[in-house]
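Structure file my_file09.cif with mmCIF, C-alpha atoms and all ligand atoms:
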data_work
#
loop_
_atom_site.group_PDB
_atom_site.id
_atom_site.type_symbol
_atom_site.label_atom_id
_atom_site.label_comp_id
_atom_site.auth_asym_id
_atom_site.auth_seq_id
_atom_site.Cartn_x
_atom_site.Cartn_y
_atom_site.Cartn_z
ATOM 1 C CA MET A 1 137.033 217.141 151.298
ATOM 2 C CA THR A 2 137.132 216.745 147.513
ATOM 3 C CA ASP A 3 133.949 215.712 145.747
ATOM 4 C CA HIS A 4 133.787 214.141 142.313
ATOM 5 C CA GLU A 5 130.875 212.975 140.201
ATOM 6 C CA THR A 6 131.028 210.643 137.220
ATOM 7 C CA PHE A 7 128.991 208.017 135.405
ATOM 8 C CA ALA A 8 131.330 205.088 136.043
ATOM 9 C CA CYS A 9 134.205 204.569 138.431
ATOM 10 C CA VAL A 10 136.768 201.795 138.080
ATOM 11 C CA VAL A 11 138.696 201.172 141.294
ATOM 12 C CA GLY A 12 142.081 199.575 140.657
ATOM 13 C CA ALA A 13 144.419 200.174 137.723
ATOM 14 C CA GLY A 14 145.820 196.663 137.485
ATOM 15 C CA PRO A 15 145.174 194.506 134.405
ATOM 16 C CA ALA A 16 141.509 193.937 135.293
ATOM 17 C CA GLY A 17 140.777 197.631 135.905
ATOM 18 C CA LEU A 18 142.646 198.819 132.840
ATOM 19 C CA VAL A 19 140.901 196.404 130.505
ATOM 20 C CA THR A 20 137.546 197.325 132.055
ATOM 21 C CA ALA A 21 138.268 201.028 131.562
ATOM 22 C CA LEU A 22 138.807 200.496 127.831
ATOM 23 C CA GLY A 23 135.060 199.829 127.478
ATOM 24 C CA PRO A 24 133.777 203.237 128.614
ATOM 25 C CA ALA A 25 136.806 204.931 127.029
ATOM 26 C CA ARG A 26 135.925 203.540 123.593
ATOM 27 C CA ALA A 27 132.215 204.224 124.054
ATOM 28 C CA GLY A 28 132.833 207.837 125.111
ATOM 29 C CA VAL A 29 131.194 207.267 128.483
ATOM 30 C CA PRO A 30 132.506 209.493 131.285
ATOM 31 C CA PHE A 31 134.465 207.498 133.838
ATOM 32 C CA VAL A 32 137.170 207.820 136.453
ATOM 33 C CA LEU A 33 139.912 205.255 136.999
ATOM 34 C CA LEU A 34 141.489 205.461 140.417
ATOM 35 C CA ASP A 35 144.239 203.593 142.205
ATOM 36 C CA GLU A 36 145.952 203.881 145.554
ATOM 37 C CA ASN A 37 149.367 203.670 143.883
ATOM 38 C CA HIS A 38 150.978 207.010 143.179
ATOM 39 C CA GLY A 39 151.852 206.337 139.569
ATOM 40 C CA PRO A 40 152.025 203.742 136.864
ATOM 41 C CA VAL A 41 153.773 200.552 137.928
ATOM 42 C CA ALA A 42 156.974 199.845 136.074
ATOM 43 C CA ASP A 43 156.301 196.186 135.342
ATOM 44 C CA SER A 44 154.212 194.404 132.747
ATOM 45 C CA ARG A 45 150.865 195.518 134.173
ATOM 46 C CA ALA A 46 149.778 197.487 131.123
ATOM 47 C CA VAL A 47 151.648 200.687 131.965
ATOM 48 C CA THR A 48 150.981 201.977 128.442
ATOM 49 C CA VAL A 49 147.221 201.577 128.690
ATOM 50 C CA ARG A 50 147.099 203.711 131.839
ATOM 51 C CA ALA A 51 149.251 206.448 130.292
ATOM 52 C CA ARG A 52 147.175 206.506 127.096
ATOM 53 C CA LEU A 53 143.917 206.803 129.015
ATOM 54 C CA ALA A 54 145.303 209.867 130.816
ATOM 55 C CA GLU A 55 146.713 211.313 127.577
ATOM 56 C CA ARG A 56 143.292 211.106 125.975
ATOM 57 C CA GLY A 57 141.742 213.191 128.688
ATOM 58 C CA HIS A 58 140.249 210.426 130.821
ATOM 59 C CA SER A 59 140.402 210.985 134.511
ATOM 60 C CA VAL A 60 143.058 208.782 136.097
ATOM 61 C CA LEU A 61 143.484 209.505 139.795
ATOM 62 C CA SER A 62 146.633 208.118 141.393
ATOM 63 C CA GLY A 63 147.207 207.886 145.127
ATOM 64 C CA HIS A 64 143.472 207.607 145.824
ATOM 65 C CA ARG A 65 142.730 204.851 148.308
ATOM 66 C CA VAL A 66 139.128 203.696 148.545
ATOM 67 C CA SER A 67 138.054 202.799 152.060
ATOM 68 C CA GLY A 68 134.350 202.171 151.526
ATOM 69 C CA VAL A 69 131.374 202.277 149.188
ATOM 70 C CA ASP A 70 127.949 203.295 150.370
ATOM 71 C CA GLY A 71 125.307 203.054 147.677
ATOM 72 C CA TYR A 72 126.474 205.277 144.819
ATOM 73 C CA THR A 73 129.106 207.008 146.957
ATOM 74 C CA ILE A 74 132.735 205.975 147.166
ATOM 75 C CA ASN A 75 134.799 207.230 150.099
ATOM 76 C CA GLY A 76 138.534 207.347 150.569
ATOM 77 C CA LYS A 77 141.674 209.422 150.951
ATOM 78 C CA ASP A 78 143.540 211.201 148.188
ATOM 79 C CA ALA A 79 147.291 211.364 147.603
ATOM 80 C CA GLU A 80 147.663 214.042 150.311
ATOM 81 C CA GLY A 81 145.637 212.072 152.826
ATOM 82 C CA ARG A 82 142.566 214.301 152.445
ATOM 83 C CA PRO A 83 139.157 212.634 152.398
ATOM 84 C CA PHE A 84 137.363 212.470 149.065
ATOM 85 C CA THR A 85 133.981 211.251 147.908
ATOM 86 C CA MET A 86 132.981 210.182 144.435
ATOM 87 C CA ARG A 87 129.454 209.620 143.265
ATOM 88 C CA ALA A 88 129.106 207.166 140.380
ATOM 89 C CA ARG A 89 126.182 205.303 138.839
ATOM 90 C CA HIS A 90 128.383 202.259 138.243
ATOM 91 C CA VAL A 91 131.336 201.142 140.354
ATOM 92 C CA VAL A 92 133.740 198.403 139.292
ATOM 93 C CA GLY A 93 135.794 196.695 141.989
ATOM 94 C CA ALA A 94 139.053 195.774 140.242
ATOM 95 C CA ASP A 95 140.989 196.375 143.444
ATOM 96 C CA SER A 96 142.660 193.021 143.683
ATOM 97 C CA LEU A 97 142.103 189.935 145.792
ATOM 98 C CA HIS A 98 140.944 191.557 149.055
ATOM 99 C CA SER A 99 138.724 194.039 147.287
ATOM 100 C CA THR A 100 137.293 196.841 149.418
ATOM 101 C CA VAL A 101 134.674 197.563 146.747
ATOM 102 C CA ARG A 102 133.498 193.993 146.321
ATOM 103 C CA GLU A 103 133.428 193.508 150.080
ATOM 104 C CA ALA A 104 131.203 196.575 150.482
ATOM 105 C CA SER A 105 128.990 195.335 147.656
ATOM 106 C CA ALA A 106 128.670 191.903 149.285
ATOM 107 C CA ARG A 107 127.668 193.563 152.559
ATOM 108 C CA ARG A 108 124.883 195.413 150.762
ATOM 109 C CA ARG A 109 123.704 192.245 149.057
ATOM 110 C CA SER A 110 123.504 190.428 152.377
ATOM 111 C CA HIS A 111 120.496 192.654 153.136
ATOM 112 C CA TRP A 112 118.706 191.539 149.966
ATOM 113 C CA PRO A 113 115.953 188.954 150.032
ATOM 114 C CA ASP A 114 117.138 185.359 149.548
ATOM 115 C CA GLY A 115 115.869 185.122 145.965
ATOM 116 C CA CYS A 116 117.995 188.084 144.848
ATOM 117 C CA ARG A 117 121.110 186.648 146.490
ATOM 118 C CA ARG A 118 120.677 183.234 144.913
ATOM 119 C CA SER A 119 120.056 184.542 141.421
ATOM 120 C CA GLY A 120 122.912 187.038 141.738
ATOM 121 C CA GLY A 121 120.753 189.802 140.341
ATOM 122 C CA GLY A 122 117.381 191.453 140.453
ATOM 123 C CA ARG A 123 118.486 194.879 141.618
ATOM 124 C CA PRO A 124 120.729 197.540 140.134
HETATM 125 C C1 LIG A 201 155.159 188.143 142.634
HETATM 126 C C2 LIG A 201 153.972 187.933 141.748
HETATM 127 C C3 LIG A 201 154.135 187.324 140.503
HETATM 128 C C4 LIG A 201 153.037 187.107 139.665
HETATM 129 N N1 LIG A 201 153.251 186.535 138.441
HETATM 130 C C5 LIG A 201 152.197 186.354 137.607
HETATM 131 C C6 LIG A 201 152.400 185.807 136.303
HETATM 132 O O1 LIG A 201 153.496 185.470 135.920
HETATM 133 N N2 LIG A 201 151.309 185.662 135.508
HETATM 134 C C7 LIG A 201 150.059 186.030 135.922
HETATM 135 O O2 LIG A 201 149.131 185.887 135.154
HETATM 136 N N3 LIG A 201 149.852 186.561 137.128
HETATM 137 C C8 LIG A 201 150.879 186.721 137.981
HETATM 138 N N4 LIG A 201 150.681 187.254 139.209
HETATM 139 C C9 LIG A 201 149.361 187.574 139.601
HETATM 140 C C10 LIG A 201 149.016 188.923 139.014
HETATM 141 O O3 LIG A 201 149.571 189.926 139.838
HETATM 142 C C11 LIG A 201 147.545 189.021 138.958
HETATM 143 O O4 LIG A 201 147.018 187.984 138.152
HETATM 144 C C12 LIG A 201 147.078 190.330 138.358
HETATM 145 O O5 LIG A 201 147.891 191.388 138.768
HETATM 146 C C13 LIG A 201 145.661 190.550 138.851
HETATM 147 O O6 LIG A 201 145.205 191.714 138.268
HETATM 148 P P1 LIG A 201 144.122 192.603 138.972
HETATM 149 O O7 LIG A 201 143.899 193.784 138.076
HETATM 150 O O8 LIG A 201 142.955 191.787 139.343
HETATM 151 O O9 LIG A 201 144.778 193.043 140.364
HETATM 152 P P2 LIG A 201 146.085 193.894 140.656
HETATM 153 O O10 LIG A 201 147.110 193.759 139.586
HETATM 154 O O11 LIG A 201 146.489 193.514 142.047
HETATM 155 O O12 LIG A 201 145.560 195.391 140.628
HETATM 156 C C14 LIG A 201 144.714 195.902 141.626
HETATM 157 C C15 LIG A 201 144.965 197.396 141.724
HETATM 158 O O13 LIG A 201 144.034 197.899 142.660
HETATM 159 C C16 LIG A 201 144.677 198.854 143.475
HETATM 160 N N5 LIG A 201 143.969 198.867 144.744
HETATM 161 C C17 LIG A 201 143.837 197.859 145.641
HETATM 162 N N6 LIG A 201 143.076 198.241 146.682
HETATM 163 C C18 LIG A 201 142.724 199.534 146.448
HETATM 164 C C19 LIG A 201 141.934 200.486 147.168
HETATM 165 N N7 LIG A 201 141.346 200.187 148.328
HETATM 166 N N8 LIG A 201 141.785 201.725 146.628
HETATM 167 C C20 LIG A 201 142.362 202.050 145.437
HETATM 168 N N9 LIG A 201 143.114 201.187 144.722
HETATM 169 C C21 LIG A 201 143.292 199.941 145.213
HETATM 170 C C22 LIG A 201 146.131 198.360 143.612
HETATM 171 O O14 LIG A 201 147.001 199.456 143.869
HETATM 172 C C23 LIG A 201 146.370 197.738 142.241
HETATM 173 O O15 LIG A 201 146.999 198.631 141.337
HETATM 174 C C24 LIG A 201 151.747 187.485 140.071
HETATM 175 C C25 LIG A 201 151.603 188.108 141.331
HETATM 176 C C26 LIG A 201 152.682 188.319 142.149
HETATM 177 C C27 LIG A 201 152.490 188.986 143.495
#
The structure given in the file should be rewritten as structure tokens.
Ligand SMILES: Cc1cc2nc3c(=O)[nH]c(=O)nc-3n(C[C@H](O)[C@H](O)[C@H](O)COP(=O)(O)OP(=O)(O)OC[C@H]3O[C@@H](n4cnc5c(N)ncnc54)[C@H](O)[C@@H]3O)c2cc1C
Amino acid sequence: MTDHETFACVVGAGPAGLVTALGPARAGVPFVLLDENHGPVADSRAVTVRARLAERGHSVLSGHRVSGVDGYTINGKDAEGRPFTMRARHVVGADSLHSTVREASARRRSHWPDGCRRSGGGRP
């Protein structure tokens, strides 16, 4: 089991995740960008951005598949199939259409009182 801790975690290194990661990168906020793919994709999906983030010392974890999010803890398997956990104050679900992160977040919200759900906010 590998454990990581960071301030922000962006799940998914497609266009949405890469653009999101530029925010904390520019602000000097510690973050981890992780993706289940084992390396940069060779098409137009901002391959340069991902490489530059890694070059500049930001943590870019390839081959890390997220399987669930429970509160501030992200669970999944790393490139060797070993379980990992990551604790992060902020988690961004940029993991595509059938997002594991957003699905987990929606499940949590379903336990909120009606007012919170309707307003889309009210809790961290
Ligand atoms: C054949 C094809 C052609 C397309 N052509 C165009 C086009 O011409 N113009 C256009 O605007 N759009 C096009 N699209 C759509 C385009 O792919 C999306 O608009 C864009 O990629 C969405 O970006 P995204 O970052 O939201 O998701 P994605 O690009 O899908 O990135 C999501 C990332 O999250 C990772 N991920 C997913 N689940 C997990 C998980 N559980 N754990 C860890 N990582 C995970 C994936 O590996 C992926 O790298 C096309 C799509 C396809 C399939």
| query | When you draw a straight line from atom C1 of ligand LIG 201 (chain A) to atom CA of A:Pro15, how long is it in Å? | reply |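 Here the two named atoms are 14.4 Å from each other.
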Answer key for the PyMOL selection byres (((not hetatm)) within 8 of (chain A and resi 201)), residues as an mmCIF file with C-alpha atoms, in the frame of the given file:
data_model
loop_
_atom_site.group_PDB
_atom_site.id
_atom_site.type_symbol
_atom_site.label_atom_id
_atom_site.label_comp_id
_atom_site.auth_asym_id
_atom_site.auth_seq_id
_atom_site.Cartn_x
_atom_site.Cartn_y
_atom_site.Cartn_z
ATOM 1 C CA VAL A 11 138.696 201.172 141.294
ATOM 2 C CA GLY A 12 142.081 199.575 140.657
ATOM 3 C CA ALA A 13 144.419 200.174 137.723
ATOM 4 C CA GLY A 14 145.820 196.663 137.485
ATOM 5 C CA PRO A 15 145.174 194.506 134.405
ATOM 6 C CA ALA A 16 141.509 193.937 135.293
ATOM 7 C CA GLY A 17 140.777 197.631 135.905
ATOM 8 C CA LEU A 18 142.646 198.819 132.840
ATOM 9 C CA LEU A 34 141.489 205.461 140.417
ATOM 10 C CA ASP A 35 144.239 203.593 142.205
ATOM 11 C CA GLU A 36 145.952 203.881 145.554
ATOM 12 C CA ASN A 37 149.367 203.670 143.883
ATOM 13 C CA VAL A 41 153.773 200.552 137.928
ATOM 14 C CA ARG A 45 150.865 195.518 134.173
ATOM 15 C CA GLY A 63 147.207 207.886 145.127
ATOM 16 C CA HIS A 64 143.472 207.607 145.824
ATOM 17 C CA ARG A 65 142.730 204.851 148.308
ATOM 18 C CA VAL A 66 139.128 203.696 148.545
ATOM 19 C CA SER A 67 138.054 202.799 152.060
ATOM 20 C CA GLY A 68 134.350 202.171 151.526
ATOM 21 C CA GLY A 76 138.534 207.347 150.569
ATOM 22 C CA ALA A 94 139.053 195.774 140.242
ATOM 23 C CA ASP A 95 140.989 196.375 143.444
ATOM 24 C CA SER A 96 142.660 193.021 143.683
ATOM 25 C CA LEU A 97 142.103 189.935 145.792
ATOM 26 C CA HIS A 98 140.944 191.557 149.055
ATOM 27 C CA SER A 99 138.724 194.039 147.287
ATOM 28 C CA THR A 100 137.293 196.841 149.418
ATOM 29 C CA VAL A 101 134.674 197.563 146.747
#
| message | Just checking: using all atoms listed in the file, which residue out of A:Ala27, A:Leu61, A:Val32, A:Ala54 ends up closest to A:Phe7? | response | A:Val32
| field | Hits from the PyMOL selection byres (((chain A and resi 85) around 8) and not hetatm), listed as number ranges by chain | value | A: 1-4, 73-76, 83-84, 86-87
Store the residues picked out above in a file with C-alpha atoms, as a PDB file, keeping the file's coordinate frame.
ATOM      1  CA  MET A   1     137.033 217.141 151.298  1.00  0.00           C
ATOM      2  CA  THR A   2     137.132 216.745 147.513  1.00  0.00           C
ATOM      3  CA  ASP A   3     133.949 215.712 145.747  1.00  0.00           C
ATOM      4  CA  HIS A   4     133.787 214.141 142.313  1.00  0.00           C
ATOM      5  CA  THR A  73     129.106 207.008 146.957  1.00  0.00           C
ATOM      6  CA  ILE A  74     132.735 205.975 147.166  1.00  0.00           C
ATOM      7  CA  ASN A  75     134.799 207.230 150.099  1.00  0.00           C
ATOM      8  CA  GLY A  76     138.534 207.347 150.569  1.00  0.00           C
ATOM      9  CA  PRO A  83     139.157 212.634 152.398  1.00  0.00           C
ATOM     10  CA  PHE A  84     137.363 212.470 149.065  1.00  0.00           C
ATOM     11  CA  MET A  86     132.981 210.182 144.435  1.00  0.00           C
ATOM     12  CA  ARG A  87     129.454 209.620 143.265  1.00  0.00           C
TER      13      ARG A  87
END
| field | Counting all atoms listed in the file, the option among A:Val69, A:Ala79, A:Val19, A:Leu53 closest to A:Ala104 | value |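 Closest to A:Ala104 of all the choices is A:Val69.
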| For A:Gly23, which of A:Cys9, A:Gly81, A:Glu55, A:Glu103 is the closest residue, counting all atoms listed in the file? |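 Among the listed residues, A:Cys9 lies closest to A:Gly23.
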| task | Find the residues near A:Val10: any atom within 6 Å, counting only C-alpha atoms, skip ones fewer than 6 places away on the same chain, and give them as a PyMOL selection string. | result | chain A and resi 33+91-92
| Given the choices A:Arg102, A:Gly57, A:Leu22, A:Phe31, which gets closest to A:Ala88 if the distance is worked out from all atoms listed in the file? |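 Going through A:Arg102, A:Gly57, A:Leu22, A:Phe31 one by one, the smallest distance to A:Ala88 is for A:Phe31.
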